[in-house]
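J.: Hey, dropping my_file25.csv in here, CSV, C-alpha atoms and all ligand atoms:
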```
chain,number,residue,atom,x,y,z
A,1,MET,CA,19.2,-208.8,112.1
A,2,GLY,CA,22.9,-208.0,112.0
A,3,ILE,CA,24.2,-211.2,110.4
A,4,LYS,CA,27.5,-210.2,108.9
A,5,SER,CA,27.5,-211.0,105.2
A,6,ASP,CA,28.8,-209.8,101.9
A,7,ILE,CA,25.3,-209.2,100.6
A,8,ARG,CA,24.9,-205.6,99.4
A,9,LEU,CA,21.5,-204.2,100.3
A,10,ILE,CA,21.9,-200.8,98.6
A,11,ASP,CA,23.3,-200.6,95.1
A,12,ASP,CA,25.5,-197.8,93.5
A,13,ASN,CA,22.3,-195.9,92.5
A,14,GLY,CA,21.1,-195.9,96.0
A,15,LEU,CA,18.3,-198.5,95.3
A,16,ARG,CA,17.4,-201.4,97.5
A,17,ILE,CA,17.4,-205.1,96.3
A,18,ASP,CA,13.7,-204.8,95.4
A,19,GLY,CA,14.3,-201.6,93.5
A,20,ARG,CA,12.9,-199.3,96.2
A,21,LEU,CA,14.2,-195.9,97.3
A,22,PRO,CA,15.2,-195.6,101.0
A,23,ASN,CA,11.9,-193.9,101.9
A,24,GLN,CA,9.6,-196.1,99.8
A,25,LEU,CA,7.0,-198.5,101.1
A,26,ARG,CA,6.4,-201.9,99.6
A,27,PRO,CA,3.0,-202.2,97.7
A,28,ILE,CA,0.1,-202.4,100.1
A,29,LYS,CA,-3.5,-203.6,99.4
A,30,MET,CA,-6.2,-203.6,102.1
A,31,GLU,CA,-9.8,-204.9,102.1
A,32,VAL,CA,-12.4,-204.4,104.9
A,33,GLY,CA,-15.2,-206.8,105.9
A,34,VAL,CA,-13.9,-210.0,104.3
A,35,LEU,CA,-15.3,-212.6,106.9
A,36,ASP,CA,-19.0,-213.1,107.5
A,37,ARG,CA,-18.8,-214.7,110.9
A,38,ALA,CA,-16.6,-212.1,112.7
A,39,ASP,CA,-18.0,-208.7,114.0
A,40,GLY,CA,-15.3,-207.0,112.0
A,41,SER,CA,-12.5,-208.1,109.7
A,42,ALA,CA,-9.8,-207.0,107.3
A,43,TYR,CA,-7.2,-208.5,105.0
A,44,ILE,CA,-4.0,-206.9,104.1
A,45,GLU,CA,-1.2,-207.7,101.6
A,46,TRP,CA,1.9,-205.7,102.3
A,47,GLY,CA,4.9,-206.7,100.2
A,48,GLY,CA,5.1,-210.4,100.6
A,49,ASN,CA,2.9,-210.4,103.8
A,50,LYS,CA,-0.6,-211.7,103.7
A,51,ILE,CA,-2.5,-211.2,106.9
A,52,MET,CA,-6.1,-211.6,108.1
A,53,ALA,CA,-7.5,-209.8,111.1
A,54,ALA,CA,-10.8,-210.6,112.8
A,55,VAL,CA,-12.5,-208.9,115.7
A,56,TYR,CA,-15.1,-210.2,118.1
A,57,GLY,CA,-16.8,-208.0,120.6
A,58,PRO,CA,-17.3,-206.1,122.7
A,59,ARG,CA,-18.8,-209.1,124.5
A,60,GLU,CA,-18.9,-210.3,128.1
A,61,ALA,CA,-15.4,-211.1,129.1
A,62,TYR,CA,-14.9,-214.8,129.9
A,63,PRO,CA,-13.6,-216.2,132.3
A,64,LYS,CA,-15.3,-213.8,134.6
A,65,HIS,CA,-12.2,-213.1,136.7
A,66,VAL,CA,-10.5,-211.3,133.7
A,67,GLN,CA,-13.3,-208.7,133.6
A,68,GLU,CA,-12.4,-205.2,134.5
A,69,ALA,CA,-15.1,-203.1,136.2
A,70,GLU,CA,-14.2,-199.9,134.5
A,71,LYS,CA,-13.2,-200.9,131.0
A,72,ALA,CA,-13.0,-203.5,128.2
A,73,ILE,CA,-10.0,-205.7,128.0
A,74,ILE,CA,-8.3,-206.0,124.7
A,75,ARG,CA,-7.0,-209.4,123.8
A,76,ALA,CA,-5.0,-209.6,120.6
A,77,ARG,CA,-3.7,-212.9,119.5
A,78,TYR,CA,-1.0,-212.9,116.9
A,79,SER,CA,-0.6,-216.2,115.2
A,80,MET,CA,1.6,-217.5,112.3
A,81,ALA,CA,0.4,-220.3,110.1
A,82,PRO,CA,2.8,-223.2,109.7
A,83,PHE,CA,3.0,-222.5,106.0
A,84,SER,CA,3.6,-218.8,106.4
A,85,VAL,CA,7.4,-219.0,106.6
A,86,ASP,CA,10.2,-220.7,104.7
A,87,GLU,CA,10.9,-223.3,107.3
A,88,ARG,CA,7.5,-224.8,108.5
A,89,LYS,CA,6.6,-223.2,111.8
A,90,ARG,CA,5.3,-225.5,114.5
A,91,PRO,CA,1.6,-224.7,115.0
A,92,GLY,CA,0.6,-223.0,118.3
A,93,PRO,CA,2.0,-220.0,120.2
A,94,ASP,CA,5.7,-219.7,120.8
A,95,ARG,CA,7.5,-217.0,122.9
A,96,ARG,CA,7.6,-214.6,120.0
A,97,ALA,CA,3.9,-214.9,119.4
A,98,VAL,CA,3.1,-214.3,123.1
A,99,GLU,CA,5.3,-211.2,123.1
A,100,LEU,CA,3.8,-209.8,119.9
A,101,SER,CA,0.2,-210.5,121.1
A,102,LYS,CA,1.0,-208.6,124.3
A,103,VAL,CA,2.5,-205.5,122.6
A,104,ILE,CA,-0.2,-205.4,119.9
A,105,SER,CA,-2.9,-205.6,122.6
A,106,GLU,CA,-1.4,-202.7,124.4
A,107,ALA,CA,-1.0,-200.6,121.2
A,108,LEU,CA,-4.6,-201.2,120.2
A,109,GLU,CA,-5.8,-200.4,123.7
A,110,SER,CA,-4.3,-197.0,123.5
A,111,VAL,CA,-6.7,-195.9,120.7
A,112,ILE,CA,-9.9,-197.7,121.7
A,113,PHE,CA,-12.4,-196.0,124.0
A,114,VAL,CA,-12.2,-199.0,126.4
A,115,GLU,CA,-14.1,-197.2,129.2
A,116,LYS,CA,-17.3,-197.4,127.1
A,117,TYR,CA,-17.5,-201.2,127.5
A,118,PRO,CA,-16.8,-202.2,131.1
A,119,ARG,CA,-16.6,-206.0,131.9
A,120,THR,CA,-16.3,-206.9,128.2
A,121,SER,CA,-13.5,-208.2,126.0
A,122,ILE,CA,-12.6,-207.2,122.5
A,123,ASP,CA,-10.8,-210.1,120.9
A,124,VAL,CA,-8.6,-209.4,117.9
A,125,TYR,CA,-7.2,-212.3,115.9
A,126,ILE,CA,-4.3,-211.7,113.7
A,127,GLU,CA,-3.5,-214.6,111.4
A,128,VAL,CA,-0.3,-214.4,109.4
A,129,LEU,CA,-0.9,-216.5,106.3
A,130,GLN,CA,2.4,-215.5,104.6
A,131,ALA,CA,5.3,-213.7,106.3
A,132,ASP,CA,7.9,-211.5,104.7
A,133,ALA,CA,9.1,-209.2,107.5
A,134,GLY,CA,7.0,-206.5,109.1
A,135,THR,CA,4.1,-208.8,110.1
A,136,ARG,CA,3.5,-207.2,113.4
A,137,VAL,CA,3.1,-203.7,111.9
A,138,ALA,CA,1.0,-205.0,108.9
A,139,GLY,CA,-1.1,-207.0,111.5
A,140,ILE,CA,-1.7,-203.8,113.6
A,141,THR,CA,-2.7,-201.9,110.4
A,142,ALA,CA,-5.2,-204.7,109.5
A,143,ALA,CA,-6.5,-205.0,113.1
A,144,SER,CA,-7.2,-201.4,113.2
A,145,LEU,CA,-9.4,-201.7,110.1
A,146,ALA,CA,-11.1,-204.8,111.6
A,147,LEU,CA,-11.9,-202.8,114.8
A,148,ALA,CA,-13.4,-200.0,112.7
A,149,ASP,CA,-15.4,-202.6,110.7
A,150,ALA,CA,-16.7,-203.9,114.0
A,151,GLY,CA,-17.9,-200.4,114.9
A,152,ILE,CA,-15.7,-200.0,117.9
A,153,PRO,CA,-15.1,-196.4,118.7
A,154,MET,CA,-11.4,-195.3,118.5
A,155,ARG,CA,-9.5,-192.1,118.9
A,156,ASP,CA,-7.7,-192.7,115.6
A,157,LEU,CA,-7.1,-195.5,113.1
A,158,ILE,CA,-3.8,-196.8,114.3
A,159,VAL,CA,-1.1,-197.5,111.7
A,160,GLY,CA,1.8,-199.9,112.0
A,161,CYS,CA,5.0,-199.1,110.1
A,162,ALA,CA,8.7,-200.1,110.5
A,163,ALA,CA,11.9,-198.3,109.6
A,164,GLY,CA,15.5,-199.3,110.1
A,165,LYS,CA,19.0,-199.3,108.8
A,166,ILE,CA,20.7,-201.3,106.1
A,167,ASP,CA,24.2,-200.8,104.7
A,168,GLY,CA,24.5,-197.7,106.9
A,169,VAL,CA,21.4,-196.1,105.4
A,170,VAL,CA,18.1,-195.3,107.2
A,171,VAL,CA,15.3,-197.0,105.3
A,172,LEU,CA,11.5,-197.5,105.5
A,173,ASP,CA,9.7,-200.8,105.7
A,174,LEU,CA,12.4,-203.5,105.6
A,175,ASN,CA,11.7,-206.6,103.6
A,176,LYS,CA,12.9,-210.1,104.6
A,177,GLU,CA,16.5,-209.9,103.3
A,178,GLU,CA,16.9,-206.4,104.7
A,179,ASP,CA,15.5,-207.6,108.1
A,180,ASN,CA,18.0,-210.6,108.0
A,181,TYR,CA,21.1,-208.8,106.9
A,182,GLY,CA,20.5,-205.2,107.9
A,183,GLU,CA,21.7,-203.3,111.0
A,184,ALA,CA,18.5,-202.3,112.7
A,185,ASP,CA,14.7,-202.7,112.5
A,186,VAL,CA,12.3,-200.4,114.4
A,187,PRO,CA,8.7,-201.5,114.2
A,188,MET,CA,6.3,-198.7,115.3
A,189,ALA,CA,2.5,-198.2,115.8
A,190,ILE,CA,1.5,-194.6,115.1
A,191,LEU,CA,-1.6,-192.5,115.7
A,192,PRO,CA,-1.4,-190.5,112.4
A,193,ARG,CA,-3.6,-187.6,113.4
A,194,THR,CA,-1.8,-186.7,116.7
A,195,ARG,CA,1.5,-188.1,115.6
A,196,GLU,CA,1.7,-190.1,118.8
A,197,ILE,CA,3.6,-193.4,119.0
A,198,ALA,CA,1.8,-196.3,120.7
A,199,LEU,CA,4.5,-199.0,120.1
A,200,LEU,CA,8.2,-198.6,119.5
A,201,GLN,CA,10.6,-201.6,119.5
A,202,MET,CA,14.1,-201.8,118.2
A,203,ASP,CA,16.1,-204.8,117.0
A,204,GLY,CA,19.8,-204.0,116.2
A,205,ASP,CA,21.5,-200.7,116.8
A,206,MET,CA,21.7,-197.2,115.4
A,207,THR,CA,22.7,-193.8,116.5
A,208,TYR,CA,20.3,-191.3,118.1
A,209,GLU,CA,20.2,-189.3,114.8
A,210,GLU,CA,19.5,-192.4,112.8
A,211,LEU,CA,16.7,-193.4,115.1
A,212,THR,CA,15.1,-190.0,115.0
A,213,GLY,CA,15.4,-190.2,111.2
A,214,ALA,CA,13.8,-193.6,111.1
A,215,ILE,CA,10.9,-192.4,113.3
A,216,GLU,CA,10.4,-189.3,111.1
A,217,MET,CA,10.3,-191.6,108.0
A,218,ALA,CA,7.7,-193.9,109.6
A,219,MET,CA,5.7,-191.0,110.7
A,220,GLU,CA,5.4,-189.7,107.2
A,221,ALA,CA,4.6,-193.1,105.8
A,222,ALA,CA,1.9,-193.5,108.5
A,223,GLN,CA,0.1,-190.6,106.9
A,224,THR,CA,0.1,-192.4,103.5
A,225,ILE,CA,-1.0,-195.7,105.0
A,226,HIS,CA,-3.8,-193.9,107.0
A,227,LYS,CA,-5.2,-192.6,103.7
A,228,MET,CA,-5.2,-196.1,102.3
A,229,GLN,CA,-7.1,-197.3,105.4
A,230,ILE,CA,-9.7,-194.6,104.9
A,231,GLU,CA,-10.1,-195.6,101.2
A,232,ALA,CA,-10.5,-199.2,102.2
A,233,LEU,CA,-13.2,-198.3,104.7
A,234,LYS,CA,-14.9,-196.1,102.1
A,235,ARG,CA,-14.9,-199.0,99.6
A,236,LYS,CA,-17.0,-201.0,102.0
A,237,TYR,CA,-19.1,-198.3,103.6
A,238,VAL,CA,-19.7,-195.6,101.0
A,239,GLU,CA,-22.1,-196.4,98.2
A,240,VAL,CA,-20.5,-195.9,94.8
A,241,GLU,CA,-22.8,-194.0,92.5
A,301,LIG,O1,7.4,-210.0,111.2
A,301,LIG,P1,8.1,-209.0,112.0
A,301,LIG,O2,9.1,-208.2,111.3
A,301,LIG,O3,7.1,-208.1,112.8
A,301,LIG,O4,8.8,-209.8,113.2
A,301,LIG,P2,10.3,-210.4,113.2
A,301,LIG,O5,10.3,-211.3,114.5
A,301,LIG,O6,11.3,-209.4,113.1
A,301,LIG,O7,10.3,-211.4,112.0
A,301,LIG,C1,10.8,-211.0,110.7
A,301,LIG,C2,10.4,-212.1,109.7
A,301,LIG,O8,11.1,-213.2,110.0
A,301,LIG,C3,9.0,-212.5,109.7
A,301,LIG,O9,8.1,-211.6,109.1
A,301,LIG,C4,9.1,-213.8,109.0
A,301,LIG,O10,9.2,-213.5,107.6
A,301,LIG,C5,10.4,-214.3,109.5
A,301,LIG,N1,10.2,-215.4,110.5
A,301,LIG,C6,10.3,-216.7,110.1
A,301,LIG,O11,10.7,-217.0,109.0
A,301,LIG,N2,10.1,-217.7,111.1
A,301,LIG,C7,9.7,-217.4,112.3
A,301,LIG,N3,9.4,-218.4,113.2
A,301,LIG,C8,9.5,-216.1,112.7
A,301,LIG,C9,9.8,-215.1,111.8
```
As structure tokens, how would this structure be written, given the file I've shared?

T.:
Amino acid sequence: MGIKSDIRLIDDNGLRIDGRLPNQLRPIKMEVGVLDRADGSAYIEWGGNKIMAAVYGPREAYPKHVQEAEKAIIRARYSMAPFSVDERKRPGPDRRAVELSKVISEALESVIFVEKYPRTSIDVYIEVLQADAGTRVAGITAASLALADAGIPMRDLIVGCAAGKIDGVVVLDLNKEEDNYGEADVPMAILPRTREIALLQMDGDMTYEELTGAIEMAMEAAQTIHKMQIEALKRKYVEVE
């Protein structure tokens, strides 16, 4: 983010390097229930991102001292495969993965009816197989489907979506080059029905007006992504005649 360069991210026709309009998402494909051993699972391809989410639980939280008497604890683990990025990533958690696991856990907790399952844990594994910017928001979108697939009651299907600023223009869903050379990236987790925001981070800088524009853009896109989630769930759970 913010590396000064001569690279132009928006051309004379107002199009981005991958041909998208400012408010256009990358292509997204989702599939629910892809793993036999997990209680719930989902796979998402979002632009160049390929991410698997698996859910276990609710099950008795272990070790016992992490149990909460009044609610389930949500433990998301975000992990990037060594082969998911250009420069081989050392296996195992780094500071970034620890931070992302924490904020994703908190975002998911805000939609799950945790009070229904005291003393349990709901474990959510997000495995990034291929990364191309926006992995935390794609991971949240897949995790939400995996939770639904595990039958865990939620207020809403949470949607992850980012917006930001490149070449002075507010845009939706930054790709890798835009993330590297743009001015700002704002990943968000959104509850589409109530239009609440459960996660908002910002890397870079933008004006107040630009930020509200970016939030509005992501909020609209969240409605589209939410429809895709419902379709993906229907493909697994509704019999086709
Ligand atoms: O993926 P997300 O946008 O949520 O997080 P980020 O920290 O802004 O990372 C942006 C992108 O940088 C990732 O999606 C990867 O494509 C890339 N990256 C990488 O190449 N090597 C890392 N160790 C971490 C991120």

J.: Considering only C-alpha atoms and all ligand atoms, state which residue in the set A:Gln24, A:Ser79, A:Ser144, A:Ser41 is at the smallest distance from ligand LIG 301 (chain A).

T.: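 Of the candidates, the smallest distance to ligand LIG 301 (chain A) is held by A:Ser79.
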
J.: Against ligand LIG 301 (chain A), which residues of chain A fall within 7 Å? For each one I want the closest pair of atoms and the distance in Å (one decimal), counting all atoms listed in the file, rows by chain and increasing residue number, as CSV.

T.:
```
residue,atom,partner,partner_atom,distance
A:Val85,CA,A:LIG301,O11,4.5
A:Asp86,CA,A:LIG301,O11,5.7
A:Glu87,CA,A:LIG301,O11,6.5
A:Lys89,CA,A:LIG301,N3,5.7
A:Arg96,CA,A:LIG301,O5,7.0
A:Ala131,CA,A:LIG301,O10,4.1
A:Asp132,CA,A:LIG301,O10,3.8
A:Ala133,CA,A:LIG301,O9,3.1
A:Gly134,CA,A:LIG301,O2,3.5
A:Thr135,CA,A:LIG301,O1,3.7
A:Arg136,CA,A:LIG301,O3,3.8
A:Val137,CA,A:LIG301,O3,6.0
A:Lys176,CA,A:LIG301,O10,5.9
A:Asp179,CA,A:LIG301,C1,6.4
A:Pro187,CA,A:LIG301,O3,6.9
```

J.: Need to verify the contact set: Ala72 (chain A), 8 Å, all atoms listed in the file, exclusion of same-chain residues closer than 3 positions in sequence. Can you return it as an mmCIF file with C-alpha atoms, in the frame of the given file?

T.:
```
data_model
loop_
_atom_site.group_PDB
_atom_site.id
_atom_site.type_symbol
_atom_site.label_atom_id
_atom_site.label_comp_id
_atom_site.auth_asym_id
_atom_site.auth_seq_id
_atom_site.Cartn_x
_atom_site.Cartn_y
_atom_site.Cartn_z
ATOM 1 C CA PRO A 58 -17.300 -206.100 122.700
ATOM 2 C CA GLN A 67 -13.300 -208.700 133.600
ATOM 3 C CA GLU A 68 -12.400 -205.200 134.500
ATOM 4 C CA VAL A 114 -12.200 -199.000 126.400
ATOM 5 C CA GLU A 115 -14.100 -197.200 129.200
ATOM 6 C CA LYS A 116 -17.300 -197.400 127.100
ATOM 7 C CA TYR A 117 -17.500 -201.200 127.500
ATOM 8 C CA PRO A 118 -16.800 -202.200 131.100
ATOM 9 C CA ARG A 119 -16.600 -206.000 131.900
ATOM 10 C CA THR A 120 -16.300 -206.900 128.200
ATOM 11 C CA SER A 121 -13.500 -208.200 126.000
ATOM 12 C CA ILE A 122 -12.600 -207.200 122.500
#
```

J.: Per residue of region 87-135 of chain A within 8 Å of region 199-206 of chain A, what are the shortest atom pair and its distance in Å to one decimal, counting only C-alpha atoms, with rows by chain and residue number, as a tab-separated table?

T.:
```
residue	atom	partner	partner_atom	distance
A:Val103	CA	A:Leu199	CA	7.2
A:Ile104	CA	A:Leu199	CA	7.9
A:Ala107	CA	A:Leu199	CA	5.8
```

J.: Provide the CA of Leu15 (chain A) to CA of Ala138 (chain A) distance in Å, to one decimal place.

T.: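 If I compute the distance from CA of Leu15 (chain A) to CA of Ala138 (chain A), I get 22.9 Å.
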
J.: Have a look at CA of Asn180 (chain A) and CA of Met1 (chain A) and let me know their distance in Å, one decimal.

T.: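 Between these atoms lies a distance of 4.6 Å.
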
J.: Need the shell around Tyr125 (chain A): protein/DNA/RNA residues with any atom at most 7 Å away, counting only C-alpha atoms. Skip same-chain ones fewer than 6 positions apart. Format as a list in words?

T.: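 Here the qualifying residues turn out to be Ala53, Ala54, Val55, Ala76, Arg77 and Tyr78 of chain A.
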
J.: When you draw a straight line from CA of Ala142 (chain A) to CA of Val66 (chain A), how long is it in Å?

T.: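 Calculated distance between CA of Ala142 (chain A) and CA of Val66 (chain A) is 25.6 Å.
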
J.: Ranking A:Ile190, A:Met217, A:Ile197, A:Ile10 by minimum distance to Ile158 (chain A) and counting only C-alpha atoms, which one comes first?

T.: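 The shortest atom-to-atom distance to Ile158 (chain A) comes from A:Ile190.
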
J.: So, counting only C-alpha atoms, which residue among A:Lys165, A:Arg155, A:Lys50, A:Arg59 is closest to Val186 (chain A)?

T.: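 Nearest candidate to Val186 (chain A) out of A:Lys165, A:Arg155, A:Lys50, A:Arg59: A:Lys165.
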
J.: Find the residues of region 35-126 of chain A that sit at most 12 Å from region 220-234 of chain A; for each, write down the nearest two atoms and how far apart they are in Å, to one decimal. Count all atoms listed in the file. Sort by chain, then by number going up, and give it as a tab-separated table.

T.:
```
residue	atom	partner	partner_atom	distance
A:Gly40	CA	A:Leu233	CA	11.5
A:Ser41	CA	A:Leu233	CA	11.0
A:Ala42	CA	A:Ala232	CA	9.3
A:Tyr43	CA	A:Ala232	CA	10.3
A:Ile44	CA	A:Gln229	CA	10.2
A:Trp46	CA	A:Ile225	CA	10.8
```

J.: Quick one: of A:Glu99, A:Glu106, A:Glu210, A:Asp167, who's nearest to Tyr181 (chain A), counting only C-alpha atoms?

T.: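 The answer is A:Asp167, which sits nearest to Tyr181 (chain A).
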
J.: Can you work out which one of A:Gly168, A:Asn175, A:Gly182, A:Arg195 has the shortest atom-to-atom distance to Asp156 (chain A), counting only C-alpha atoms?

T.: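 Comparing A:Gly168, A:Asn175, A:Gly182, A:Arg195 against Asp156 (chain A), the winner is A:Arg195.
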
J.: Using all atoms listed in the file, find the one residue out of A:Glu45, A:Asp123, A:Glu60, A:Asp36 that sits nearest to Ile74 (chain A).

T.: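 The answer is A:Asp123, which sits nearest to Ile74 (chain A).
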
J.: Using the partial input, fill out region 69-98 of chain A with N, CA and C atoms; write the result as a PDB file, in the coordinates of the input.

T.:
```
ATOM      1  N   ALA A  69     -13.898-203.842 135.914  1.00  0.00           N
ATOM      2  CA  ALA A  69     -15.100-203.100 136.200  1.00  0.00           C
ATOM      3  C   ALA A  69     -15.266-201.822 135.448  1.00  0.00           C
ATOM      4  N   GLU A  70     -14.134-201.209 135.093  1.00  0.00           N
ATOM      5  CA  GLU A  70     -14.200-199.900 134.500  1.00  0.00           C
ATOM      6  C   GLU A  70     -13.928-199.853 132.988  1.00  0.00           C
ATOM      7  N   LYS A  71     -13.531-200.981 132.423  1.00  0.00           N
ATOM      8  CA  LYS A  71     -13.200-200.900 131.000  1.00  0.00           C
ATOM      9  C   LYS A  71     -13.212-202.294 130.318  1.00  0.00           C
ATOM     10  N   ALA A  72     -13.173-202.234 129.004  1.00  0.00           N
ATOM     11  CA  ALA A  72     -13.000-203.500 128.200  1.00  0.00           C
ATOM     12  C   ALA A  72     -11.590-203.922 128.247  1.00  0.00           C
ATOM     13  N   ILE A  73     -11.388-205.234 128.172  1.00  0.00           N
ATOM     14  CA  ILE A  73     -10.000-205.700 128.000  1.00  0.00           C
ATOM     15  C   ILE A  73      -9.792-206.026 126.529  1.00  0.00           C
ATOM     16  N   ILE A  74      -8.604-205.711 126.064  1.00  0.00           N
ATOM     17  CA  ILE A  74      -8.300-206.000 124.700  1.00  0.00           C
ATOM     18  C   ILE A  74      -7.348-207.172 124.610  1.00  0.00           C
ATOM     19  N   ARG A  75      -7.801-208.190 123.915  1.00  0.00           N
ATOM     20  CA  ARG A  75      -7.000-209.400 123.800  1.00  0.00           C
ATOM     21  C   ARG A  75      -6.656-209.648 122.342  1.00  0.00           C
ATOM     22  N   ALA A  76      -5.458-209.278 121.944  1.00  0.00           N
ATOM     23  CA  ALA A  76      -5.000-209.600 120.600  1.00  0.00           C
ATOM     24  C   ALA A  76      -4.260-210.879 120.589  1.00  0.00           C
ATOM     25  N   ARG A  77      -4.498-211.697 119.592  1.00  0.00           N
ATOM     26  CA  ARG A  77      -3.700-212.900 119.500  1.00  0.00           C
ATOM     27  C   ARG A  77      -3.079-212.966 118.089  1.00  0.00           C
ATOM     28  N   TYR A  78      -1.748-212.850 118.113  1.00  0.00           N
ATOM     29  CA  TYR A  78      -1.000-212.900 116.900  1.00  0.00           C
ATOM     30  C   TYR A  78      -0.577-214.347 116.637  1.00  0.00           C
ATOM     31  N   SER A  79      -0.852-214.832 115.436  1.00  0.00           N
ATOM     32  CA  SER A  79      -0.600-216.200 115.200  1.00  0.00           C
ATOM     33  C   SER A  79      -0.013-216.393 113.748  1.00  0.00           C
ATOM     34  N   MET A  80       1.020-217.215 113.626  1.00  0.00           N
ATOM     35  CA  MET A  80       1.600-217.500 112.300  1.00  0.00           C
ATOM     36  C   MET A  80       1.252-218.857 111.837  1.00  0.00           C
ATOM     37  N   ALA A  81       0.699-218.944 110.642  1.00  0.00           N
ATOM     38  CA  ALA A  81       0.400-220.300 110.100  1.00  0.00           C
ATOM     39  C   ALA A  81       1.637-221.053 109.826  1.00  0.00           C
ATOM     40  N   PRO A  82       1.570-222.384 109.970  1.00  0.00           N
ATOM     41  CA  PRO A  82       2.800-223.200 109.700  1.00  0.00           C
ATOM     42  C   PRO A  82       3.369-222.992 108.348  1.00  0.00           C
ATOM     43  N   PHE A  83       2.481-222.682 107.369  1.00  0.00           N
ATOM     44  CA  PHE A  83       3.000-222.500 106.000  1.00  0.00           C
ATOM     45  C   PHE A  83       3.317-221.081 105.652  1.00  0.00           C
ATOM     46  N   SER A  84       3.368-220.205 106.667  1.00  0.00           N
ATOM     47  CA  SER A  84       3.600-218.800 106.400  1.00  0.00           C
ATOM     48  C   SER A  84       5.051-218.412 106.205  1.00  0.00           C
ATOM     49  N   VAL A  85       5.926-219.299 106.620  1.00  0.00           N
ATOM     50  CA  VAL A  85       7.400-219.000 106.600  1.00  0.00           C
ATOM     51  C   VAL A  85       8.120-220.082 105.822  1.00  0.00           C
ATOM     52  N   ASP A  86       9.391-219.804 105.465  1.00  0.00           N
ATOM     53  CA  ASP A  86      10.200-220.700 104.700  1.00  0.00           C
ATOM     54  C   ASP A  86      10.296-222.103 105.337  1.00  0.00           C
ATOM     55  N   GLU A  87      10.689-222.064 106.615  1.00  0.00           N
ATOM     56  CA  GLU A  87      10.900-223.300 107.300  1.00  0.00           C
ATOM     57  C   GLU A  87       9.578-223.531 108.128  1.00  0.00           C
ATOM     58  N   ARG A  88       8.826-224.589 107.838  1.00  0.00           N
ATOM     59  CA  ARG A  88       7.500-224.800 108.500  1.00  0.00           C
ATOM     60  C   ARG A  88       7.587-224.481 109.956  1.00  0.00           C
ATOM     61  N   LYS A  89       6.669-223.619 110.382  1.00  0.00           N
ATOM     62  CA  LYS A  89       6.600-223.200 111.800  1.00  0.00           C
ATOM     63  C   LYS A  89       5.722-224.198 112.540  1.00  0.00           C
ATOM     64  N   ARG A  90       6.164-224.634 113.725  1.00  0.00           N
ATOM     65  CA  ARG A  90       5.300-225.500 114.500  1.00  0.00           C
ATOM     66  C   ARG A  90       4.019-224.761 114.873  1.00  0.00           C
ATOM     67  N   PRO A  91       2.861-225.386 114.700  1.00  0.00           N
ATOM     68  CA  PRO A  91       1.600-224.700 115.000  1.00  0.00           C
ATOM     69  C   PRO A  91       1.577-224.341 116.529  1.00  0.00           C
ATOM     70  N   GLY A  92       0.798-223.342 116.855  1.00  0.00           N
ATOM     71  CA  GLY A  92       0.600-223.000 118.300  1.00  0.00           C
ATOM     72  C   GLY A  92       1.534-221.840 118.661  1.00  0.00           C
ATOM     73  N   PRO A  93       1.213-221.221 119.807  1.00  0.00           N
ATOM     74  CA  PRO A  93       2.000-220.000 120.200  1.00  0.00           C
ATOM     75  C   PRO A  93       3.382-220.376 120.678  1.00  0.00           C
ATOM     76  N   ASP A  94       4.342-219.550 120.290  1.00  0.00           N
ATOM     77  CA  ASP A  94       5.700-219.700 120.800  1.00  0.00           C
ATOM     78  C   ASP A  94       5.969-218.353 121.592  1.00  0.00           C
ATOM     79  N   ARG A  95       7.174-218.213 122.102  1.00  0.00           N
ATOM     80  CA  ARG A  95       7.500-217.000 122.900  1.00  0.00           C
ATOM     81  C   ARG A  95       7.293-215.734 122.124  1.00  0.00           C
ATOM     82  N   ARG A  96       7.714-215.796 120.853  1.00  0.00           N
ATOM     83  CA  ARG A  96       7.600-214.600 120.000  1.00  0.00           C
ATOM     84  C   ARG A  96       6.139-214.187 119.838  1.00  0.00           C
ATOM     85  N   ALA A  97       5.278-215.175 119.577  1.00  0.00           N
ATOM     86  CA  ALA A  97       3.900-214.900 119.400  1.00  0.00           C
ATOM     87  C   ALA A  97       3.225-214.305 120.649  1.00  0.00           C
ATOM     88  N   VAL A  98       3.642-214.830 121.792  1.00  0.00           N
ATOM     89  CA  VAL A  98       3.100-214.300 123.100  1.00  0.00           C
ATOM     90  C   VAL A  98       3.523-212.885 123.272  1.00  0.00           C
TER      91      VAL A  98
END
```
